[in-house]
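Below is the file entry-v4.txt, which contains compact mmCIF, C-alpha atoms and all ligand atoms.
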# COMPACT_ATOMS: atom_id res chain seq x y z
CA MET G 1 114.71 127.48 46.03
CA PRO G 2 116.23 130.08 43.68
CA ASP G 3 114.62 130.72 40.28
CA VAL G 4 116.15 128.66 37.49
CA PRO G 5 115.91 129.24 33.71
CA ALA G 6 113.00 127.54 31.90
CA ASP G 7 115.02 124.64 30.55
CA HIS G 8 112.90 121.51 30.91
CA SER G 9 115.92 119.24 30.60
CA ASN G 10 117.34 120.82 33.76
CA PRO G 11 116.29 118.78 36.83
CA ASP G 12 116.38 121.94 38.97
CA TYR G 13 113.84 123.61 36.70
CA LEU G 14 111.46 120.65 37.09
CA ARG G 15 112.11 120.56 40.84
CA GLN G 16 111.23 124.25 41.01
CA HIS G 17 108.10 123.65 38.94
CA ILE G 18 106.95 120.95 41.37
CA ALA G 19 107.76 123.16 44.35
CA ASP G 20 105.65 125.96 42.84
CA GLN G 21 102.51 123.83 42.39
CA ALA G 22 101.03 123.12 45.83
CA VAL G 23 99.22 120.03 44.57
CA LEU G 24 102.53 118.53 43.41
CA ALA G 25 104.73 119.84 46.23
CA GLN G 26 102.57 118.23 48.91
CA ILE G 27 103.05 114.80 47.32
CA PHE G 28 106.80 115.00 47.98
CA GLY G 29 106.95 117.17 51.08
CA ASP G 30 110.52 117.66 52.29
CA SER G 31 111.80 114.80 50.14
CA LEU G 32 111.54 116.95 46.98
CA GLU G 33 114.94 118.57 47.68
CA THR G 34 116.74 115.24 47.25
CA ALA G 35 114.43 113.64 44.66
CA GLU G 36 116.16 112.14 41.63
CA ILE G 37 114.85 113.51 38.32
CA ARG G 38 115.67 111.48 35.21
CA GLU G 39 114.47 111.49 31.59
CA ILE G 40 113.16 108.02 30.82
CA GLY G 41 111.06 108.46 27.67
CA ASP G 42 111.72 107.10 24.22
CA GLY G 43 108.64 108.57 22.54
CA ASN G 44 108.58 110.29 19.17
CA LEU G 45 107.23 113.66 20.28
CA ASN G 46 107.79 114.40 23.99
CA TYR G 47 109.98 113.98 27.06
CA ILE G 48 109.05 111.92 30.12
CA TYR G 49 110.77 112.38 33.46
CA ARG G 50 110.66 110.17 36.51
CA VAL G 51 110.80 112.12 39.75
CA GLN G 52 111.66 109.77 42.59
CA SER G 53 112.31 110.57 46.23
CA SER G 54 112.50 108.46 49.35
CA ASP G 55 108.79 109.19 49.95
CA ALA G 56 107.09 109.49 46.58
CA GLN G 57 107.37 109.32 42.83
CA MET G 58 105.71 111.00 39.89
CA ALA G 59 105.80 111.06 36.07
CA ILE G 60 106.32 114.44 34.43
CA LYS G 61 105.57 114.80 30.73
CA HIS G 62 106.84 117.81 28.82
CA ALA G 63 105.68 118.66 25.31
CA PRO G 64 108.23 120.96 23.67
CA ASN G 65 107.33 123.23 20.76
CA PHE G 66 108.80 120.72 18.30
CA SER G 67 108.62 117.02 17.56
CA ARG G 68 111.30 115.11 19.47
CA MET G 69 111.97 112.64 16.66
CA SER G 70 112.69 115.52 14.26
CA GLY G 71 115.48 116.69 16.56
CA GLY G 72 113.83 120.10 16.67
CA ALA G 73 113.47 120.46 12.88
CA ARG G 74 109.65 120.08 12.82
CA ALA G 75 107.78 122.71 14.82
CA LEU G 76 104.75 121.55 16.77
CA THR G 77 102.75 123.58 19.27
CA PRO G 78 102.64 122.23 22.82
CA ASP G 79 98.82 122.24 22.51
CA ARG G 80 98.97 118.47 22.19
CA LEU G 81 99.42 118.24 25.95
CA LYS G 82 96.15 120.11 26.48
CA PHE G 83 94.31 117.50 24.39
CA GLU G 84 96.12 114.73 26.23
CA ALA G 85 95.14 116.10 29.66
CA ARG G 86 91.52 116.62 28.61
CA ALA G 87 91.21 113.15 27.08
CA LEU G 88 92.75 111.56 30.18
CA GLN G 89 90.17 113.35 32.29
CA LEU G 90 87.25 112.18 30.12
CA PHE G 91 88.52 108.62 29.76
CA ARG G 92 89.18 108.35 33.51
CA GLU G 93 85.54 109.22 34.17
CA LEU G 94 84.52 106.33 31.92
CA ALA G 95 87.23 103.76 32.71
CA PRO G 96 88.78 104.78 36.04
CA GLU G 97 90.65 101.52 36.55
CA HIS G 98 92.55 101.92 33.31
CA ILE G 99 93.64 105.57 33.26
CA PRO G 100 96.37 106.90 35.58
CA GLU G 101 95.60 109.75 37.92
CA VAL G 102 96.61 113.19 36.63
CA TYR G 103 97.87 115.44 39.42
CA ASP G 104 98.26 118.66 37.46
CA TYR G 105 98.35 120.08 33.94
CA ASN G 106 100.16 123.38 33.49
CA SER G 107 99.68 124.86 30.03
CA GLU G 108 102.20 127.67 30.55
CA ALA G 109 105.04 125.30 31.34
CA SER G 110 103.58 122.61 29.06
CA ILE G 111 103.92 120.06 31.83
CA LEU G 112 101.59 117.23 32.79
CA ALA G 113 102.21 115.56 36.14
CA MET G 114 100.70 112.17 36.78
CA ARG G 115 100.99 109.00 38.78
CA PHE G 116 104.15 107.04 38.09
CA LEU G 117 103.09 103.48 37.40
CA SER G 118 105.47 100.93 38.87
CA PRO G 119 106.27 98.07 38.31
CA HIS G 120 104.13 98.40 35.16
CA LYS G 121 105.87 97.94 31.81
CA ILE G 122 105.25 99.25 28.35
CA MET G 123 103.37 96.38 26.72
CA ARG G 124 105.51 96.36 23.57
CA LYS G 125 108.65 95.80 25.66
CA GLY G 126 106.97 93.32 28.00
CA LEU G 127 105.91 91.17 25.05
CA ILE G 128 109.45 91.14 23.64
CA GLU G 129 110.77 90.10 27.06
CA GLY G 130 108.46 87.09 26.97
CA ASN G 131 105.76 88.25 29.37
CA VAL G 132 102.20 87.01 29.08
CA TYR G 133 99.28 89.20 30.14
CA PRO G 134 96.29 86.98 30.86
CA LEU G 135 93.95 89.82 31.91
CA PHE G 136 94.86 92.25 29.16
CA ALA G 137 92.08 91.30 26.73
CA ASP G 138 89.45 91.62 29.45
CA HIS G 139 90.83 94.96 30.67
CA ILE G 140 91.28 96.58 27.28
CA SER G 141 87.88 95.45 26.01
CA THR G 142 86.32 97.09 29.09
CA TYR G 143 88.26 100.28 28.39
CA LEU G 144 87.24 100.24 24.71
CA ALA G 145 83.57 99.52 25.37
CA ASN G 146 83.29 102.11 28.15
CA THR G 147 85.09 104.94 26.38
CA LEU G 148 83.73 104.35 22.88
CA PHE G 149 80.14 103.81 24.01
CA GLY G 150 80.36 106.53 26.64
CA THR G 151 81.43 109.24 24.18
CA SER G 152 79.04 108.16 21.40
CA ASP G 153 75.60 109.51 20.54
CA TYR G 154 74.14 106.39 22.16
CA ALA G 155 75.26 107.72 25.55
CA MET G 156 75.62 111.50 25.11
CA LEU G 157 73.06 114.13 24.26
CA PRO G 158 73.94 116.44 21.36
CA ALA G 159 74.25 119.38 23.75
CA GLN G 160 77.00 117.47 25.57
CA LYS G 161 78.69 115.81 22.62
CA ARG G 162 78.80 118.59 20.02
CA PRO G 163 80.99 120.92 22.12
CA LEU G 164 83.36 118.03 22.79
CA VAL G 165 83.53 117.17 19.09
CA ALA G 166 84.31 120.83 18.39
CA GLU G 167 86.96 120.90 21.13
CA PHE G 168 88.82 117.85 19.83
CA ALA G 169 88.38 118.87 16.18
CA LEU G 170 91.03 121.45 17.00
CA ASN G 171 93.63 118.74 17.58
CA VAL G 172 94.61 119.49 14.01
CA GLU G 173 98.36 119.04 14.31
CA LEU G 174 98.31 115.52 15.68
CA CYS G 175 95.49 114.46 13.36
CA GLU G 176 97.67 115.72 10.51
CA ILE G 177 100.48 113.42 11.72
CA THR G 178 98.07 110.48 11.63
CA GLU G 179 96.74 111.43 8.20
CA ARG G 180 100.28 111.77 6.86
CA LEU G 181 102.04 108.87 8.58
CA VAL G 182 99.23 106.35 8.85
CA PHE G 183 97.22 106.89 5.69
CA ASN G 184 99.27 108.84 3.17
CA GLN G 185 103.00 108.25 3.10
CA ALA G 186 103.15 104.47 3.25
CA PHE G 187 100.46 104.08 0.59
CA ALA G 188 101.28 106.98 -1.72
CA GLY G 189 105.07 106.87 -1.49
CA SER G 190 107.33 109.26 0.41
CA GLN G 191 111.01 109.92 0.95
CA ASP G 192 110.31 109.44 4.65
CA ASN G 193 109.32 105.82 4.12
CA ASN G 194 111.77 103.21 5.29
CA TRP G 195 111.57 99.48 4.55
CA THR G 196 113.81 96.46 4.27
CA THR G 197 114.96 96.62 0.67
CA PRO G 198 115.07 94.82 -1.71
CA GLN G 199 113.15 92.10 0.14
CA LEU G 200 109.94 94.12 0.61
CA ASP G 201 110.05 96.10 -2.63
CA LYS G 202 107.32 94.02 -4.31
CA HIS G 203 105.01 94.46 -1.32
CA VAL G 204 105.56 98.20 -1.39
CA THR G 205 104.77 98.37 -5.11
CA ARG G 206 101.61 96.34 -4.63
CA LEU G 207 100.43 98.39 -1.66
CA GLN G 208 100.92 101.61 -3.62
CA THR G 209 99.39 100.50 -6.93
CA ASP G 210 96.75 97.78 -6.39
CA PRO G 211 93.41 99.51 -7.13
CA ALA G 212 91.42 97.53 -4.52
CA ILE G 213 93.94 98.35 -1.79
CA ARG G 214 94.15 102.01 -2.77
CA LEU G 215 90.36 102.27 -2.71
CA ARG G 216 90.05 100.56 0.70
CA VAL G 217 92.75 102.69 2.33
CA GLU G 218 91.18 105.87 0.98
CA GLN G 219 87.75 104.80 2.28
CA LEU G 220 89.25 104.21 5.72
CA LYS G 221 91.00 107.57 5.63
CA LEU G 222 87.72 109.24 4.68
CA ALA G 223 86.07 107.57 7.68
CA PHE G 224 88.83 108.90 9.95
CA LEU G 225 88.53 112.40 8.46
CA THR G 226 84.77 112.73 8.52
CA ARG G 227 83.21 110.59 11.23
CA THR G 228 82.67 111.62 14.84
CA ASP G 229 81.25 108.39 16.28
CA ALA G 230 83.23 108.47 19.53
CA LEU G 231 86.22 110.07 21.23
CA LEU G 232 89.26 108.04 20.22
CA HIS G 233 92.50 107.59 22.09
CA GLY G 234 93.92 108.12 18.62
CA ASP G 235 97.24 106.31 19.10
CA LEU G 236 96.25 103.12 20.88
CA HIS G 237 99.24 100.93 20.15
CA SER G 238 101.10 98.62 22.52
CA GLY G 239 103.51 101.45 23.33
CA SER G 240 100.59 103.38 24.84
CA VAL G 241 99.81 100.60 27.34
CA LEU G 242 101.46 100.21 30.75
CA LEU G 243 100.63 96.95 32.45
CA THR G 244 101.39 94.15 34.86
CA GLN G 245 99.77 90.74 34.98
CA ASP G 246 97.01 92.27 37.11
CA GLU G 247 96.56 95.85 35.92
CA THR G 248 96.29 97.66 32.58
CA TYR G 249 96.62 101.42 32.07
CA LEU G 250 96.35 103.51 28.91
CA PHE G 251 98.25 106.74 28.54
CA ASP G 252 99.63 109.05 25.84
CA THR G 253 96.24 110.34 24.70
CA GLU G 254 97.61 113.36 22.84
CA PHE G 255 96.22 112.13 19.49
CA ALA G 256 92.66 112.10 20.88
CA THR G 257 89.96 113.13 18.45
CA PHE G 258 86.46 112.02 17.48
CA GLY G 259 86.38 109.32 14.82
CA PRO G 260 85.23 105.81 13.90
CA MET G 261 85.42 103.32 16.78
CA GLY G 262 87.28 100.78 14.65
CA PHE G 263 90.27 103.13 14.50
CA ASP G 264 91.21 102.57 18.15
CA ILE G 265 90.39 98.86 18.12
CA GLY G 266 92.15 98.32 14.79
CA MET G 267 95.30 100.21 15.75
CA LEU G 268 95.55 98.17 18.94
CA ILE G 269 95.07 94.77 17.36
CA GLY G 270 97.23 95.77 14.38
CA ASN G 271 100.08 96.14 16.85
CA LEU G 272 99.29 92.76 18.41
CA PHE G 273 99.49 91.25 14.91
CA LEU G 274 102.89 92.94 14.47
CA ALA G 275 104.01 91.28 17.71
CA TYR G 276 102.57 87.95 16.50
CA PHE G 277 104.73 88.09 13.36
CA ALA G 278 107.89 89.44 15.04
CA LEU G 279 108.04 87.53 18.32
CA PRO G 280 109.38 84.23 16.91
CA ALA G 281 112.65 86.13 16.32
CA HIS G 282 112.64 87.05 20.02
CA GLY G 283 112.37 83.44 21.14
CA ALA G 284 108.59 83.19 21.52
CA SER G 285 107.10 79.72 21.07
CA ALA G 286 104.35 79.04 18.53
CA ALA G 287 101.95 78.57 21.45
CA ARG G 288 102.78 82.03 22.81
CA CYS G 289 102.29 83.63 19.42
CA ASP G 290 98.98 81.79 19.01
CA GLY G 291 98.04 83.20 22.40
CA LEU G 292 98.27 86.68 20.89
CA LEU G 293 95.73 85.68 18.23
CA ASP G 294 93.49 84.33 20.99
CA ASP G 295 93.86 87.70 22.74
CA ILE G 296 92.86 89.52 19.56
CA GLU G 297 89.72 87.41 19.31
CA SER G 298 88.95 87.95 23.00
CA ILE G 299 89.42 91.71 22.66
CA TRP G 300 86.84 91.86 19.89
CA THR G 301 84.33 89.46 21.50
CA GLY G 302 84.76 91.17 24.87
CA PHE G 303 84.25 94.59 23.29
CA GLU G 304 81.18 93.40 21.39
CA ARG G 305 79.63 91.86 24.52
CA LYS G 306 80.37 94.81 26.83
CA PHE G 307 79.33 97.39 24.24
CA THR G 308 76.08 95.48 23.68
CA ALA G 309 75.37 95.41 27.42
CA LEU G 310 75.96 99.17 27.70
CA TRP G 311 73.81 99.74 24.63
CA GLN G 312 70.97 97.71 26.14
CA ASP G 313 71.07 99.29 29.60
CA ASN G 314 72.56 102.79 29.24
CA ARG G 315 71.11 104.40 26.11
CA THR G 316 70.77 107.92 27.43
CA GLY G 317 71.99 109.75 24.34
CA GLY G 318 70.54 111.51 21.35
CA ALA G 319 70.41 108.48 19.03
CA PHE G 320 68.32 105.33 19.53
CA SER G 321 67.22 106.64 22.91
CA ALA G 322 65.90 103.71 24.99
CA THR G 323 62.61 105.50 25.64
CA ARG G 324 61.82 105.66 21.90
CA PHE G 325 62.42 101.94 21.32
CA GLU G 326 60.72 100.38 24.34
CA ASP G 327 57.92 98.60 22.46
CA ALA G 328 58.45 95.10 21.01
CA ALA G 329 58.74 96.20 17.35
CA GLY G 330 60.99 99.13 18.28
CA SER G 331 63.28 96.93 20.30
CA VAL G 332 63.66 94.45 17.38
CA ALA G 333 64.43 97.32 15.00
CA ALA G 334 66.93 98.87 17.40
CA ARG G 335 68.61 95.51 17.92
CA SER G 336 69.04 95.03 14.17
CA HIS G 337 70.60 98.48 13.99
CA LEU G 338 73.08 97.50 16.72
CA GLN G 339 74.05 94.36 14.80
CA ALA G 340 74.63 96.35 11.62
CA TYR G 341 76.59 99.00 13.54
CA LEU G 342 78.87 96.44 15.19
CA ALA G 343 79.36 94.69 11.84
CA GLN G 344 80.61 97.98 10.43
CA VAL G 345 82.89 98.53 13.44
CA LEU G 346 84.37 95.04 12.97
CA ASN G 347 85.00 95.48 9.25
CA GLU G 348 86.60 98.88 9.84
CA THR G 349 88.64 97.45 12.74
CA ALA G 350 90.09 94.91 10.30
CA GLY G 351 90.90 97.63 7.78
CA PHE G 352 92.53 99.99 10.28
CA ALA G 353 94.54 97.09 11.73
CA ALA G 354 95.89 96.29 8.26
CA VAL G 355 96.72 99.96 7.59
CA GLU G 356 98.59 100.14 10.92
CA ILE G 357 100.59 96.99 10.09
CA VAL G 358 101.62 98.44 6.74
CA ARG G 359 102.70 101.84 7.98
CA ARG G 360 104.71 100.35 10.87
CA VAL G 361 106.66 98.13 8.43
CA ILE G 362 107.24 100.43 5.47
CA GLY G 363 106.46 103.93 6.75
CA ARG G 364 108.41 106.34 8.89
CA ALA G 365 107.54 105.23 12.44
CA HIS G 366 108.46 101.58 12.98
CA VAL G 367 108.08 99.22 15.94
CA ILE G 368 110.91 97.78 18.02
CA GLU G 369 109.55 94.25 17.63
CA PHE G 370 110.89 94.31 14.06
CA ASP G 371 113.57 97.00 14.22
CA SER G 372 115.44 95.21 16.98
CA ILE G 373 115.94 92.19 14.67
CA GLU G 374 119.22 93.47 13.26
CA ASP G 375 119.81 90.77 10.66
CA ALA G 376 117.76 91.87 7.64
CA LYS G 377 117.72 88.32 6.29
CA ARG G 378 115.98 87.19 9.43
CA ARG G 379 113.71 90.24 9.72
CA ALA G 380 112.52 90.49 6.11
CA PRO G 381 110.50 87.22 5.90
CA LEU G 382 108.69 88.10 9.13
CA GLU G 383 107.91 91.61 7.90
CA ALA G 384 106.82 90.13 4.55
CA ALA G 385 104.40 87.80 6.35
CA ALA G 386 102.86 90.79 8.17
CA LEU G 387 102.50 92.65 4.87
CA ASP G 388 101.01 89.57 3.17
CA MET G 389 98.34 89.47 5.84
CA ALA G 390 97.66 93.21 5.55
CA CYS G 391 97.40 92.92 1.74
CA ALA G 392 94.93 90.04 2.13
CA ILE G 393 92.71 92.14 4.41
CA LEU G 394 92.93 95.37 2.42
CA GLY G 395 92.42 93.58 -0.91
CA ARG G 396 89.36 91.56 0.23
CA ALA G 397 86.27 91.97 -1.89
CA ALA G 398 83.96 90.91 0.98
CA PRO G 399 83.77 92.58 4.38
CA VAL G 400 85.24 90.89 7.45
CA THR G 401 82.18 89.58 9.28
CA ASP G 402 83.83 87.47 11.97
CA ILE G 403 86.96 88.20 14.01
CA ALA G 404 88.10 84.64 13.22
CA GLN G 405 88.44 85.67 9.56
CA LEU G 406 91.01 88.24 10.65
CA THR G 407 93.05 85.90 12.82
CA ALA G 408 92.79 83.24 10.09
CA ALA G 409 94.37 85.72 7.68
CA ALA G 410 97.41 85.82 10.01
CA ARG G 411 97.50 82.04 10.49
CA ASN G 412 97.13 81.39 6.77
CA VAL G 413 100.11 83.44 5.67
CA PRO G 414 102.45 80.89 4.06
C1 LIG J 1 105.87 111.86 14.47
S1 LIG J 1 105.04 110.81 15.56
C2 LIG J 1 105.17 109.22 14.87
C3 LIG J 1 104.23 108.25 15.41
O1 LIG J 1 104.46 108.12 16.81
C4 LIG J 1 103.22 108.22 17.49
O2 LIG J 1 103.15 107.28 18.51
C5 LIG J 1 102.15 108.03 16.46
O3 LIG J 1 101.86 106.66 16.27
C6 LIG J 1 102.78 108.62 15.27
O4 LIG J 1 102.23 108.18 14.06
MG MG J 2 102.80 108.19 21.74
Translate the structure described by the file into C-alpha cells.
Ligand code: SR1
Ligand code: MG
Amino acid sequence: MPDVPADHSNPDYLRQHIADQAVLAQIFGDSLETAEIREIGDGNLNYIYRVQSSDAQMAIKHAPNFSRMSGGARALTPDRLKFEARALQLFRELAPEHIPEVYDYNSEASILAMRFLSPHKIMRKGLIEGNVYPLFADHISTYLANTLFGTSDYAMLPAQKRPLVAEFALNVELCEITERLVFNQAFAGSQDNNWTTPQLDKHVTRLQTDPAIRLRVEQLKLAFLTRTDALLHGDLHSGSVLLTQDETYLFDTEFATFGPMGFDIGMLIGNLFLAYFALPAHGASAARCDGLLDDIESIWTGFERKFTALWQDNRTGGAFSATRFEDAAGSVAARSHLQAYLAQVLNETAGFAAVEIVRRVIGRAHVIEFDSIEDAKRRAPLEAAALDMACAILGRAAPVTDIAQLTAAARNVP
C-alpha cells in the first residue's frame, strides 16, 4: 500500500496504520484491503472508527490534539489516550469479563485499537429504546468492587500503588475538565452553562447560592482533588457502558485517576437517576422506571457485599493487612473500620450522584435522555424533578446511611 498523509479521517490512512502494525494486520489478513472504515462516534473529545471486513472487525479510537466538541478551538494533548490504554490494561486484570480486549496502543499515531463489541449497545441509548438489562447491576457491582478494591491500599502495597498514583496524577488535563465541568461551572455560574430557561432559573439560583449546597459540593470537590483511595474510571456514566442482556463492558477510561471510590459509583448511579426522571417522556412505564431504582439499590448492595468479601479474603495491601488483624479483638476492630469506610463511600456516592445530576441538567455537557425531548414544556418538569432530588441530597444535614434513602429521595419528588 502506498504511503498516505497522516489524516486520521482518511480511511486509507487508518488502513495503512493497521497494515503497518503486525498485531492488527494479522486480525484482518487479506480482507483488510476491502474493509469498510467508518466514523461512528458521538463522543465529546475523540473519534471512533469501525473497521469491518468480511473476516473481522475492530474499533479504532483516535484522540486528536484538540477536544472534538470544541470543533478544534480547545487544544488538548493526545496524552489522554495513553491514560485510557493504561487504565484499560489495569482494569482488565481486575475485571476481565467487563473490559474489552485492547489489541494495540500507538502513541505516535494516537490510535488505540480494540475489540469491536457487537451487538452491544451504549447503555444510554439502549435505555431510551426501552431495553431492560437484568444482569447489569450484578455485572457493574462486580466491576466496581474488583477495580476499586484491587487498586486500593487494602489490596496493593505502597511500593506498587504509589508509582501508579504518581502515573495517573499526571492526567491533569482530563481531571481539569472534570473539576471545571462537574464541580465548578454548574455550581459557580459560567457562560458555558446551558439550562431550560426560565423554568429552571430558580433551581439554578438555589444551587449556586444555598450555603449548605455550596459547602457540600466544595467538600466533594476537595475529596476528588486530594484523595487517592482507588483508581477511578473517572467518567463512569451510561455512555461509557456497552452491553447486551448478557454482557456488560466498560470503556472510555481516559479520565482515569486516583480518587474517592464514591466518585465512580456516584457518577454511574447519577446517570441512572437521570434516566429514571427522563424515561417517562420516552414511553417508559412507571414499573420500568421503578426498575431503575431497584437497579441502583442492587448496584450499591452488590458492591458492598462483593467489596466486603474481597476485604475479608484478599487483604494483601499496606493498610489493614490481614496478618495484623488476625486475633479476635483485631478482627472486630478491623470490621468496624470497614463499616465506617463503606458508610463514607455510600454518603459520598450520594453526593457525587447529585453533583452529576446537576451538571448534566444545567452545565455544559448534557445527556440525550433529556436533550432529545424537544418540547421544553415537556422536558422542564422532568429536569426540575431531577434537580429537586439533587438539591434534597446536597442540602441534607445528615449523611445518607442507607441506599434506600437515596432512592426514596427520587421517589418522593412531588
Ligand atoms: C469536554 S468533555 C465533556 C464531558 O464529556 C465527558 O464524557 C465527560 O463526562 C466530560 O465532563
Ligand atoms: Mg467519554
* Could you give me, as a ChimeraX atom specification, every polymer residue with an atom at most 10 Å away from an atom of ligand LIG 1 (chain J), counting only C-alpha atoms and all ligand atoms? => /G:43-46,67-70,74,174-183,234-240,252-255,267,356,359-360,363-367
Keeping only C-alpha atoms, write those residues as a PDB file, keeping the file's coordinate frame.
ATOM      1  CA  GLY G  43     108.640 108.570  22.540  1.00  0.00           C
ATOM      2  CA  ASN G  44     108.580 110.290  19.170  1.00  0.00           C
ATOM      3  CA  LEU G  45     107.230 113.660  20.280  1.00  0.00           C
ATOM      4  CA  ASN G  46     107.790 114.400  23.990  1.00  0.00           C
ATOM      5  CA  SER G  67     108.620 117.020  17.560  1.00  0.00           C
ATOM      6  CA  ARG G  68     111.300 115.110  19.470  1.00  0.00           C
ATOM      7  CA  MET G  69     111.970 112.640  16.660  1.00  0.00           C
ATOM      8  CA  SER G  70     112.690 115.520  14.260  1.00  0.00           C
ATOM      9  CA  ARG G  74     109.650 120.080  12.820  1.00  0.00           C
ATOM     10  CA  LEU G 174      98.310 115.520  15.680  1.00  0.00           C
ATOM     11  CA  CYS G 175      95.490 114.460  13.360  1.00  0.00           C
ATOM     12  CA  GLU G 176      97.670 115.720  10.510  1.00  0.00           C
ATOM     13  CA  ILE G 177     100.480 113.420  11.720  1.00  0.00           C
ATOM     14  CA  THR G 178      98.070 110.480  11.630  1.00  0.00           C
ATOM     15  CA  GLU G 179      96.740 111.430   8.200  1.00  0.00           C
ATOM     16  CA  ARG G 180     100.280 111.770   6.860  1.00  0.00           C
ATOM     17  CA  LEU G 181     102.040 108.870   8.580  1.00  0.00           C
ATOM     18  CA  VAL G 182      99.230 106.350   8.850  1.00  0.00           C
ATOM     19  CA  PHE G 183      97.220 106.890   5.690  1.00  0.00           C
ATOM     20  CA  GLY G 234      93.920 108.120  18.620  1.00  0.00           C
ATOM     21  CA  ASP G 235      97.240 106.310  19.100  1.00  0.00           C
ATOM     22  CA  LEU G 236      96.250 103.120  20.880  1.00  0.00           C
ATOM     23  CA  HIS G 237      99.240 100.930  20.150  1.00  0.00           C
ATOM     24  CA  SER G 238     101.100  98.620  22.520  1.00  0.00           C
ATOM     25  CA  GLY G 239     103.510 101.450  23.330  1.00  0.00           C
ATOM     26  CA  SER G 240     100.590 103.380  24.840  1.00  0.00           C
ATOM     27  CA  ASP G 252      99.630 109.050  25.840  1.00  0.00           C
ATOM     28  CA  THR G 253      96.240 110.340  24.700  1.00  0.00           C
ATOM     29  CA  GLU G 254      97.610 113.360  22.840  1.00  0.00           C
ATOM     30  CA  PHE G 255      96.220 112.130  19.490  1.00  0.00           C
ATOM     31  CA  MET G 267      95.300 100.210  15.750  1.00  0.00           C
ATOM     32  CA  GLU G 356      98.590 100.140  10.920  1.00  0.00           C
ATOM     33  CA  ARG G 359     102.700 101.840   7.980  1.00  0.00           C
ATOM     34  CA  ARG G 360     104.710 100.350  10.870  1.00  0.00           C
ATOM     35  CA  GLY G 363     106.460 103.930   6.750  1.00  0.00           C
ATOM     36  CA  ARG G 364     108.410 106.340   8.890  1.00  0.00           C
ATOM     37  CA  ALA G 365     107.540 105.230  12.440  1.00  0.00           C
ATOM     38  CA  HIS G 366     108.460 101.580  12.980  1.00  0.00           C
ATOM     39  CA  VAL G 367     108.080  99.220  15.940  1.00  0.00           C
TER      40      VAL G 367
END
* To do: Skip Arg411 (chain G) itself and residues of its chain fewer than 4 positions away, then list as number ranges by chain all residues within 10 Å of it, counting only C-alpha atoms.
  => G: 276-277, 290, 293, 385, 389, 405-407
Okay, now the selection with C-alpha atoms, as a PDB file, in the coordinates of the input?
ATOM      1  CA  TYR G 276     102.570  87.950  16.500  1.00  0.00           C
ATOM      2  CA  PHE G 277     104.730  88.090  13.360  1.00  0.00           C
ATOM      3  CA  ASP G 290      98.980  81.790  19.010  1.00  0.00           C
ATOM      4  CA  LEU G 293      95.730  85.680  18.230  1.00  0.00           C
ATOM      5  CA  ALA G 385     104.400  87.800   6.350  1.00  0.00           C
ATOM      6  CA  MET G 389      98.340  89.470   5.840  1.00  0.00           C
ATOM      7  CA  GLN G 405      88.440  85.670   9.560  1.00  0.00           C
ATOM      8  CA  LEU G 406      91.010  88.240  10.650  1.00  0.00           C
ATOM      9  CA  THR G 407      93.050  85.900  12.820  1.00  0.00           C
TER      10      THR G 407
END
* To do: Counting all atoms listed in the file, figure out which residue out of G:Ser31, G:Thr196, G:Gln21, G:Thr323 gets nearest to Glu374 (chain G).
  =>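 That would be G:Thr196, the residue with the smallest distance to Glu374 (chain G).
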* Which neighbours of Arg305 (chain G) fall inside 12 Å, counting only C-alpha atoms, when residues of the same chain fewer than 3 positions from it are skipped, and could you give them as JSON, numbers by chain? -> {"G": [138, 141, 142, 144, 145, 146, 149, 298, 299, 300, 301, 302, 308, 309, 310, 311, 312, 338, 339, 342]}
Could those selected residues go to a file with C-alpha atoms, as a PDB file, in the frame of the given file?
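Result file is part.pdb:
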ATOM      1  CA  ASP G 138      89.450  91.620  29.450  1.00  0.00           C
ATOM      2  CA  SER G 141      87.880  95.450  26.010  1.00  0.00           C
ATOM      3  CA  THR G 142      86.320  97.090  29.090  1.00  0.00           C
ATOM      4  CA  LEU G 144      87.240 100.240  24.710  1.00  0.00           C
ATOM      5  CA  ALA G 145      83.570  99.520  25.370  1.00  0.00           C
ATOM      6  CA  ASN G 146      83.290 102.110  28.150  1.00  0.00           C
ATOM      7  CA  PHE G 149      80.140 103.810  24.010  1.00  0.00           C
ATOM      8  CA  SER G 298      88.950  87.950  23.000  1.00  0.00           C
ATOM      9  CA  ILE G 299      89.420  91.710  22.660  1.00  0.00           C
ATOM     10  CA  TRP G 300      86.840  91.860  19.890  1.00  0.00           C
ATOM     11  CA  THR G 301      84.330  89.460  21.500  1.00  0.00           C
ATOM     12  CA  GLY G 302      84.760  91.170  24.870  1.00  0.00           C
ATOM     13  CA  THR G 308      76.080  95.480  23.680  1.00  0.00           C
ATOM     14  CA  ALA G 309      75.370  95.410  27.420  1.00  0.00           C
ATOM     15  CA  LEU G 310      75.960  99.170  27.700  1.00  0.00           C
ATOM     16  CA  TRP G 311      73.810  99.740  24.630  1.00  0.00           C
ATOM     17  CA  GLN G 312      70.970  97.710  26.140  1.00  0.00           C
ATOM     18  CA  LEU G 338      73.080  97.500  16.720  1.00  0.00           C
ATOM     19  CA  GLN G 339      74.050  94.360  14.800  1.00  0.00           C
ATOM     20  CA  LEU G 342      78.870  96.440  15.190  1.00  0.00           C
TER      21      LEU G 342
END
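Proximity ranking of G:Leu292, G:Ala35, G:Leu81, G:Leu90 relative to ligand MG 2 (chain J) places G:Leu81 first, based on all atoms listed in the file.
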* To do: Give me the residues within 12 Å of Asp375 (chain G) as a list of chain:residue names, counting only C-alpha atoms and dropping any in the same chain fewer than 6 places off.
  => G:Thr196, G:Ala281, G:Pro381, G:Leu382
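As for CA of Met58 (chain G) and CA of Leu117 (chain G), they are spaced 8.3 Å apart.
Nearest to Ile362 (chain G) of all the residues G:Gln199, G:Gln52, G:Ser107, G:Gln160 is G:Gln199, based on all atoms listed in the file.
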Is there a way to get, as a short mmCIF file (atom, residue, chain, number, x, y, z; two decimals) with C-alpha atoms, in the frame of the given file, all residues within 9 Å of the point (102.4, 105.2, -0.7) in file coordinates, counting all atoms listed in the file?
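point05.cif, written as the output of this step:
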data_model
loop_
_atom_site.label_atom_id
_atom_site.label_comp_id
_atom_site.auth_asym_id
_atom_site.auth_seq_id
_atom_site.Cartn_x
_atom_site.Cartn_y
_atom_site.Cartn_z
CA PHE G 183 97.22 106.89 5.69
CA ASN G 184 99.27 108.84 3.17
CA GLN G 185 103.00 108.25 3.10
CA ALA G 186 103.15 104.47 3.25
CA PHE G 187 100.46 104.08 0.59
CA ALA G 188 101.28 106.98 -1.72
CA GLY G 189 105.07 106.87 -1.49
CA SER G 190 107.33 109.26 0.41
CA ASN G 193 109.32 105.82 4.12
CA VAL G 204 105.56 98.20 -1.39
CA THR G 205 104.77 98.37 -5.11
CA LEU G 207 100.43 98.39 -1.66
CA GLN G 208 100.92 101.61 -3.62
CA THR G 209 99.39 100.50 -6.93
CA GLY G 363 106.46 103.93 6.75
#
